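Remarks on the structure that follows.
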Amino acid sequence: MKRLQGLCASDGIAIGTVKIYQGSQPEIMLRRVQDVQRELALYQFAAEEAAAELERVYRQAIREVGKQAAEIFEAQLMLLQDASFGRFIQEKIVRERVNAAYAVYCAGEHFAAIFNAMPDELTRARRMDMKDISGRIISLLEQKDGAGAQPEAHIIVCREITPGAVMALRSTKVLAYITENGSYQSHAAILARSMGIPAVTGVDVSTFTDGMEVAVDGDGGCVYQEPDEDIRKELLERVEASRQREQARRTLIGTETVTLSGQKVALYANIGSREEVAAVREQDGEGIGLLRTEFLFLGRSRMPEEEEQYRTYQYIVEQMQGKPVVIRTLDIGGDKPAKYLPMEPEENPALGCRGIRTCLQHRALFMTQLRAILRAAAKGPVSVMFPMITSVEEVRQAKACLEAARQSLETEGIAHGRVLVGIMVETPAAVMLSRELAEVVDFFSIGTNDLTQYTLAADLQNTSVQVVYDTHHPAIMKMIEQVVAGARQAGIPVSICGELGADTTVTEALVHMGIHAFSVNPVKLLEIRERIRSIS
Ligand code: PEP
Ligand code: MG
């Protein structure tokens, strides 16, 4: 047995066998590179390796399935060695200074599109060969085996996992995640928690192999390779104890979220998918304090249209049966990139074009979302919330877009409702301007995940600065106090929707500071209610 200490990304315990997750081609990230020669050399090496692999596969296929069927691999080899394929990749690397994997990905897509435009079906079908070839080279570039993992009932091990991949894997049976890079606040971790899947990050994943027996202790942030009987027994006992605690908390369903001294606090849920609304109802959430809408936009090739968005928002609002729903406008960028938005690659995406900045730059996309939100507001109490605000001017512009969306619906005679307007306070600038901002919005919601990252200058994706990324840092606590004071002057409520809101060690302090509402992962709702009910 070997114990590896990492960091908790999602609590809970799982025991099972490892599946090394290779990712998939659409997860290829675009990176700007300095060392173009290195990328060219990497490509050359991977292309030669891929050719050798294809030759092996071809010979093996002749033996196993016959010469005729095996010819497909011979044809692939010719495509791979075709001069125009290699030239496209080399030119892309040199001209655009992009990483080799991305250039190969683009070449695959480019030549696949050319084949796809051909009149006869046989030639069109070769588009899949192109994708196969580029996938093979990319796998080699990323030291993957290119097998296209199909994990099921396994503990997924990978260097890093994106929110898109967690979403993609949700239909398969994932027992737990072990990653090398990541953090508690990363969106992949937030998703894992909302799905109740344990996850540990900050672990050297090179020592894992497919099929290895492991035990994941999400609570303690550690992993046991080949766990012995004592550890298994201890972990299973903890699973049972936690199940019993959860069972006991169910008696709080239907009770008020109120302190012993009678201070009422609203208890809302954070959700990032349509399905989670069921958990909010089941765990007695008093509303949705943060609907992260990125799920509608990520992991797909086209943006969702107004009608699709409207139907999703409408469904959630109707499911909440008159309880409030706060819909946050799109916050892509950062660790949530969308493939179809023409965004320049950024050296530092967390400080780049994300949140309200993206929306104000892509007005058509923003207006479509605002129209869908206003239409859903005809079905129940809806608020709209803008992320990543840093100035009063941004709020003014966002509100002008909202008004334009309302007017367009009015003109077209389409039913819509009134919405309250709030902002995420998640940048130090918004904290410093909280008095001024409070004058122009109806509510604040403090996003402590980003606020901590920006205040402490510690990238929340970067495992090596997780010790600096201290959500309890006195600077963060002082900032929350300042935001509450700013809001109080204007008489608007303040909620907390970052992960700190689900941290029971600070619940009492936050309630005493004057936080009006907590918005937490649905699985945490009853735990927070229990904690608030114990505060005097
Ligand atoms: C936050 O930053 O605290 C927050 C709730 O927003 P997100 O995690 O979606 O960036
Ligand atoms: Mg945020």
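Residue numbers start at 1 in each chain; chains themselves are named A, B, ... in the order of the structure tokens; ligands are numbered from 1 in the order shown.
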
Alpha helix (DSSP H) residues, from DSSP on the backbone, in segment 56-248 of chain A, as a PyMOL selection string: chain A and resi 56-65+67-81+83-96+100-116+121-124+126-141+163-169+187-194+229-248

Backbone-only DSSP, strand (DSSP E or B) members of segment 384-504 of chain A, as a PyMOL selection string: chain A and resi 384-386+419-425+443-446+494-496

Just write the chosen residues, N, CA, C and O atoms, as a PDB file, in the first residue's frame.
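What follows is the written file result_38.pdb:
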ATOM      1  N   VAL A 384     -31.429  38.762 -12.648  1.00  0.00           N
ATOM      2  CA  VAL A 384     -30.299  38.572 -13.540  1.00  0.00           C
ATOM      3  C   VAL A 384     -29.055  39.086 -12.813  1.00  0.00           C
ATOM      4  O   VAL A 384     -29.135  40.052 -12.047  1.00  0.00           O
ATOM      5  N   MET A 385     -27.945  38.393 -13.009  1.00  0.00           N
ATOM      6  CA  MET A 385     -26.729  38.791 -12.285  1.00  0.00           C
ATOM      7  C   MET A 385     -25.556  38.817 -13.267  1.00  0.00           C
ATOM      8  O   MET A 385     -25.381  37.902 -14.071  1.00  0.00           O
ATOM      9  N   PHE A 386     -24.760  39.888 -13.175  1.00  0.00           N
ATOM     10  CA  PHE A 386     -23.627  40.047 -14.093  1.00  0.00           C
ATOM     11  C   PHE A 386     -22.315  39.675 -13.382  1.00  0.00           C
ATOM     12  O   PHE A 386     -22.035  40.179 -12.287  1.00  0.00           O
ATOM     13  N   VAL A 419     -37.288  41.796 -13.944  1.00  0.00           N
ATOM     14  CA  VAL A 419     -36.207  41.107 -13.223  1.00  0.00           C
ATOM     15  C   VAL A 419     -35.503  42.086 -12.285  1.00  0.00           C
ATOM     16  O   VAL A 419     -35.440  43.282 -12.570  1.00  0.00           O
ATOM     17  N   LEU A 420     -35.010  41.550 -11.159  1.00  0.00           N
ATOM     18  CA  LEU A 420     -34.104  42.335 -10.325  1.00  0.00           C
ATOM     19  C   LEU A 420     -32.720  42.210 -10.957  1.00  0.00           C
ATOM     20  O   LEU A 420     -32.415  41.201 -11.608  1.00  0.00           O
ATOM     21  N   VAL A 421     -31.898  43.235 -10.751  1.00  0.00           N
ATOM     22  CA  VAL A 421     -30.558  43.215 -11.345  1.00  0.00           C
ATOM     23  C   VAL A 421     -29.497  43.214 -10.245  1.00  0.00           C
ATOM     24  O   VAL A 421     -29.508  44.085  -9.371  1.00  0.00           O
ATOM     25  N   GLY A 422     -28.618  42.227 -10.295  1.00  0.00           N
ATOM     26  CA  GLY A 422     -27.551  42.160  -9.301  1.00  0.00           C
ATOM     27  C   GLY A 422     -26.202  41.957  -9.961  1.00  0.00           C
ATOM     28  O   GLY A 422     -26.117  41.730 -11.171  1.00  0.00           O
ATOM     29  N   ILE A 423     -25.166  42.049  -9.158  1.00  0.00           N
ATOM     30  CA  ILE A 423     -23.824  41.772  -9.687  1.00  0.00           C
ATOM     31  C   ILE A 423     -23.073  40.829  -8.761  1.00  0.00           C
ATOM     32  O   ILE A 423     -23.342  40.766  -7.558  1.00  0.00           O
ATOM     33  N   MET A 424     -22.138  40.121  -9.350  1.00  0.00           N
ATOM     34  CA  MET A 424     -21.190  39.347  -8.560  1.00  0.00           C
ATOM     35  C   MET A 424     -20.147  40.339  -8.070  1.00  0.00           C
ATOM     36  O   MET A 424     -19.603  41.105  -8.875  1.00  0.00           O
ATOM     37  N   VAL A 425     -19.863  40.302  -6.783  1.00  0.00           N
ATOM     38  CA  VAL A 425     -18.725  41.081  -6.281  1.00  0.00           C
ATOM     39  C   VAL A 425     -17.590  40.076  -6.147  1.00  0.00           C
ATOM     40  O   VAL A 425     -17.556  39.278  -5.205  1.00  0.00           O
ATOM     41  N   PHE A 443     -29.023  43.998  -5.837  1.00  0.00           N
ATOM     42  CA  PHE A 443     -28.395  43.100  -4.841  1.00  0.00           C
ATOM     43  C   PHE A 443     -26.957  42.797  -5.240  1.00  0.00           C
ATOM     44  O   PHE A 443     -26.568  42.975  -6.401  1.00  0.00           O
ATOM     45  N   PHE A 444     -26.223  42.338  -4.241  1.00  0.00           N
ATOM     46  CA  PHE A 444     -24.841  41.878  -4.448  1.00  0.00           C
ATOM     47  C   PHE A 444     -24.765  40.385  -4.140  1.00  0.00           C
ATOM     48  O   PHE A 444     -25.459  39.909  -3.228  1.00  0.00           O
ATOM     49  N   SER A 445     -23.883  39.698  -4.834  1.00  0.00           N
ATOM     50  CA  SER A 445     -23.569  38.329  -4.448  1.00  0.00           C
ATOM     51  C   SER A 445     -22.049  38.209  -4.486  1.00  0.00           C
ATOM     52  O   SER A 445     -21.430  38.499  -5.516  1.00  0.00           O
ATOM     53  N   ILE A 446     -21.476  37.850  -3.355  1.00  0.00           N
ATOM     54  CA  ILE A 446     -20.004  37.844  -3.291  1.00  0.00           C
ATOM     55  C   ILE A 446     -19.462  36.513  -3.809  1.00  0.00           C
ATOM     56  O   ILE A 446     -19.814  35.439  -3.298  1.00  0.00           O
ATOM     57  N   VAL A 494     -27.086  41.362   0.533  1.00  0.00           N
ATOM     58  CA  VAL A 494     -25.827  40.749   0.073  1.00  0.00           C
ATOM     59  C   VAL A 494     -25.883  39.245   0.323  1.00  0.00           C
ATOM     60  O   VAL A 494     -26.171  38.814   1.438  1.00  0.00           O
ATOM     61  N   SER A 495     -25.615  38.487  -0.714  1.00  0.00           N
ATOM     62  CA  SER A 495     -25.505  37.043  -0.482  1.00  0.00           C
ATOM     63  C   SER A 495     -24.063  36.630  -0.761  1.00  0.00           C
ATOM     64  O   SER A 495     -23.269  37.416  -1.285  1.00  0.00           O
ATOM     65  N   ILE A 496     -23.758  35.408  -0.387  1.00  0.00           N
ATOM     66  CA  ILE A 496     -22.423  34.888  -0.667  1.00  0.00           C
ATOM     67  C   ILE A 496     -22.600  33.603  -1.463  1.00  0.00           C
ATOM     68  O   ILE A 496     -23.350  32.719  -1.060  1.00  0.00           O
TER      69      ILE A 496
END

Within 9 Å of ligand 2, counting only C-alpha atoms and all ligand atoms, which protein or nucleic acid residues do you find, written as an mmCIF file with N, CA, C and O atoms, in the first residue's frame?
data_model
loop_
_atom_site.group_PDB
_atom_site.id
_atom_site.type_symbol
_atom_site.label_atom_id
_atom_site.label_comp_id
_atom_site.auth_asym_id
_atom_site.auth_seq_id
_atom_site.Cartn_x
_atom_site.Cartn_y
_atom_site.Cartn_z
ATOM 1 N N ASP A 331 -20.400 33.467 -18.140
ATOM 2 C CA ASP A 331 -19.063 33.766 -17.610
ATOM 3 C C ASP A 331 -18.065 32.803 -18.245
ATOM 4 O O ASP A 331 -17.483 31.964 -17.557
ATOM 5 N N GLY A 355 -16.418 36.699 -18.388
ATOM 6 C CA GLY A 355 -17.554 37.327 -17.717
ATOM 7 C C GLY A 355 -18.157 38.451 -18.533
ATOM 8 O O GLY A 355 -18.300 38.352 -19.754
ATOM 9 N N PRO A 387 -21.503 38.819 -13.998
ATOM 10 C CA PRO A 387 -20.237 38.409 -13.370
ATOM 11 C C PRO A 387 -19.054 39.306 -13.734
ATOM 12 O O PRO A 387 -19.073 39.974 -14.777
ATOM 13 N N MET A 388 -18.033 39.282 -12.907
ATOM 14 C CA MET A 388 -16.733 39.910 -13.189
ATOM 15 C C MET A 388 -16.804 41.433 -13.368
ATOM 16 O O MET A 388 -16.061 42.010 -14.149
ATOM 17 N N MET A 424 -22.138 40.121 -9.350
ATOM 18 C CA MET A 424 -21.190 39.347 -8.560
ATOM 19 C C MET A 424 -20.147 40.339 -8.070
ATOM 20 O O MET A 424 -19.603 41.105 -8.875
ATOM 21 N N VAL A 425 -19.863 40.302 -6.783
ATOM 22 C CA VAL A 425 -18.725 41.081 -6.281
ATOM 23 C C VAL A 425 -17.590 40.076 -6.147
ATOM 24 O O VAL A 425 -17.556 39.278 -5.205
ATOM 25 N N GLU A 426 -16.731 40.069 -7.137
ATOM 26 C CA GLU A 426 -15.678 39.039 -7.166
ATOM 27 C C GLU A 426 -14.348 39.589 -7.654
ATOM 28 O O GLU A 426 -13.428 38.826 -7.948
ATOM 29 N N THR A 427 -14.277 40.914 -7.749
ATOM 30 C CA THR A 427 -12.980 41.537 -8.055
ATOM 31 C C THR A 427 -12.706 42.563 -6.953
ATOM 32 O O THR A 427 -13.652 43.154 -6.411
ATOM 33 N N ILE A 446 -21.476 37.850 -3.355
ATOM 34 C CA ILE A 446 -20.004 37.844 -3.291
ATOM 35 C C ILE A 446 -19.462 36.513 -3.809
ATOM 36 O O ILE A 446 -19.814 35.439 -3.298
ATOM 37 N N GLY A 447 -18.635 36.600 -4.818
ATOM 38 C CA GLY A 447 -18.014 35.402 -5.408
ATOM 39 C C GLY A 447 -16.626 35.248 -4.815
ATOM 40 O O GLY A 447 -15.643 35.772 -5.350
ATOM 41 N N THR A 448 -16.547 34.525 -3.717
ATOM 42 C CA THR A 448 -15.261 34.455 -3.001
ATOM 43 C C THR A 448 -14.201 33.640 -3.753
ATOM 44 O O THR A 448 -13.016 33.789 -3.471
ATOM 45 N N ASN A 449 -14.640 32.806 -4.691
ATOM 46 C CA ASN A 449 -13.633 32.006 -5.423
ATOM 47 C C ASN A 449 -12.716 32.930 -6.216
ATOM 48 O O ASN A 449 -11.492 32.881 -6.099
ATOM 49 N N ASP A 450 -13.340 33.760 -7.033
ATOM 50 C CA ASP A 450 -12.529 34.688 -7.822
ATOM 51 C C ASP A 450 -11.970 35.808 -6.957
ATOM 52 O O ASP A 450 -10.833 36.243 -7.169
ATOM 53 N N LEU A 451 -12.759 36.258 -6.004
ATOM 54 C CA LEU A 451 -12.268 37.354 -5.166
ATOM 55 C C LEU A 451 -10.961 36.948 -4.462
ATOM 56 O O LEU A 451 -10.020 37.745 -4.364
ATOM 57 N N CYS A 497 -21.994 33.564 -2.656
ATOM 58 C CA CYS A 497 -22.211 32.374 -3.499
ATOM 59 C C CYS A 497 -20.908 31.659 -3.831
ATOM 60 O O CYS A 497 -20.934 30.637 -4.505
ATOM 61 N N GLY A 498 -19.789 32.192 -3.353
ATOM 62 C CA GLY A 498 -18.528 31.467 -3.555
ATOM 63 C C GLY A 498 -18.483 30.266 -2.621
ATOM 64 O O GLY A 498 -19.347 30.099 -1.734
#

All residues 9 Å or closer to Val239 of chain A, only C-alpha atoms, same chain fewer than 3 positions away omitted, as number ranges by chain: A: 12-14, 234-236, 242-244

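Our summary of the geometry notes that atom CA of Gly287 of chain A is positioned 24.3 Å from atom CA of Phe366 of chain A.
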
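Proximity ranking of A:Ile114, A:Ala188, A:Leu433, A:Ala153 relative to ligand 1 places A:Ala188 first, based on only C-alpha atoms and all ligand atoms.
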
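Pairwise distance (atom CA of Gln361 of chain A, atom CA of Glu307 of chain A) equals 22.0 Å.
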
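Picture a line from atom CA of Asp120 of chain A to atom CA of Gln68 of chain A; it runs 20.5 Å.
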
Among listed residues A:Gly417, A:Gly272, A:Gly254, A:Gly211, nearest ligand 1 (using only C-alpha atoms and all ligand atoms):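 Comparing A:Gly417, A:Gly272, A:Gly254, A:Gly211 against ligand 1, the winner is A:Gly272.
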
Selection: 7 Å around Asn270 of chain A, only C-alpha atoms, excl. self and same-chain fewer than 3 positions, as a VMD selection string: chain A and resid 288 to 291 519 to 522

Best match for closeness to ligand 1 among A:Leu298, A:Ile155, A:Leu460, A:Ala61, counting only C-alpha atoms and all ligand atoms: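 Ranking A:Leu298, A:Ile155, A:Leu460, A:Ala61 by distance to ligand 1, first place goes to A:Leu460.
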